[in-house]
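Input: a single structure, listed below in structure tokens.
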Amino acid sequence: MYNQEIIRISPWTVFRVFFLSGTAFFGLGGLIIGIVEKDILGMLGGAFIGLVLALCSAIGASAYCAIFNLLAPATGGIAVQIKPLEQQALDQDEAGPSS
């Protein structure tokens with residue numbers, strides 16, 4: 001069993017993940033809104049709204065990541081226990097079937 005602590009997360013990676021997933025989900029929602037409200041907004045406007053929401057989501061997540069990176073060394077970070085695969089199988093067998 002290995003005890004590890006997460007005390008640093010890359011803000012650039014967090015930004016990319018949240019921007020890409022936000023673009024997919026908010027973009028789809030924005031296109032649906034654009035199709036429904038085609039007289040006012042249009043598809044291009046809906047896609048733009050989705051892109052802006054994805055960008056806001058990515059900036060917000062990066063801000064939280066930066067705050068975590070500042071506070072984690074002082075608080076000890078997030079403790080993670082990593083077990084070898086064989087040990088995980090043994091632990092599950094000992095615990096029995098879950099109900």
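Each chain of the structure tokens is named A, B, ... in the order shown, its residues numbered from 1; ligands are numbered from 1 in display order.
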Checklist entry - DSSP on the backbone: what in range 24-89 of chain A comes out helix (DSSP H, G or I), as an MDAnalysis selection string? => result chainID A and resid 24:36 42:75 85:89
12 Å contact set for Thr13 in chain A, only C-alpha atoms, chain neighbours under 4 positions out, as a PDB file with C-alpha atoms, in the first residue's frame:
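Output file result_15.pdb follows:
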ATOM      1  CA  ARG A   8      -0.499  20.338  -6.876  1.00  0.00           C
ATOM      2  CA  ILE A   9      -2.794  20.190  -9.910  1.00  0.00           C
ATOM      3  CA  VAL A  17     -10.572  19.609 -19.645  1.00  0.00           C
ATOM      4  CA  PHE A  18     -13.290  22.010 -18.525  1.00  0.00           C
ATOM      5  CA  PHE A  19     -13.171  24.030 -21.750  1.00  0.00           C
ATOM      6  CA  LEU A  20     -13.444  20.964 -23.977  1.00  0.00           C
ATOM      7  CA  ALA A  58     -12.884  26.772 -17.617  1.00  0.00           C
ATOM      8  CA  ILE A  59     -11.784  30.065 -16.058  1.00  0.00           C
ATOM      9  CA  ALA A  61     -12.254  25.816 -12.601  1.00  0.00           C
ATOM     10  CA  SER A  62      -8.750  27.194 -13.137  1.00  0.00           C
ATOM     11  CA  CYS A  65      -7.325  25.004  -9.036  1.00  0.00           C
ATOM     12  CA  ALA A  66      -5.051  27.964  -8.306  1.00  0.00           C
TER      13      ALA A  66
END
Next on the checklist: Would you compute the distance between CA of Ile49 in chain A and CA of Val14 in chain A? Give it in Å to one decimal.
Outcome noted: 21.0 Å
Next on the checklist: I'd like the neighbourhood of Leu55 in chain A as a ChimeraX atom specification, where a residue qualifies if any of its atoms comes within 9 Å (using only C-alpha atoms), though same-chain residues fewer than 5 positions away should be ignored.
Outcome noted: /A:15,18-19,22-23,50,60
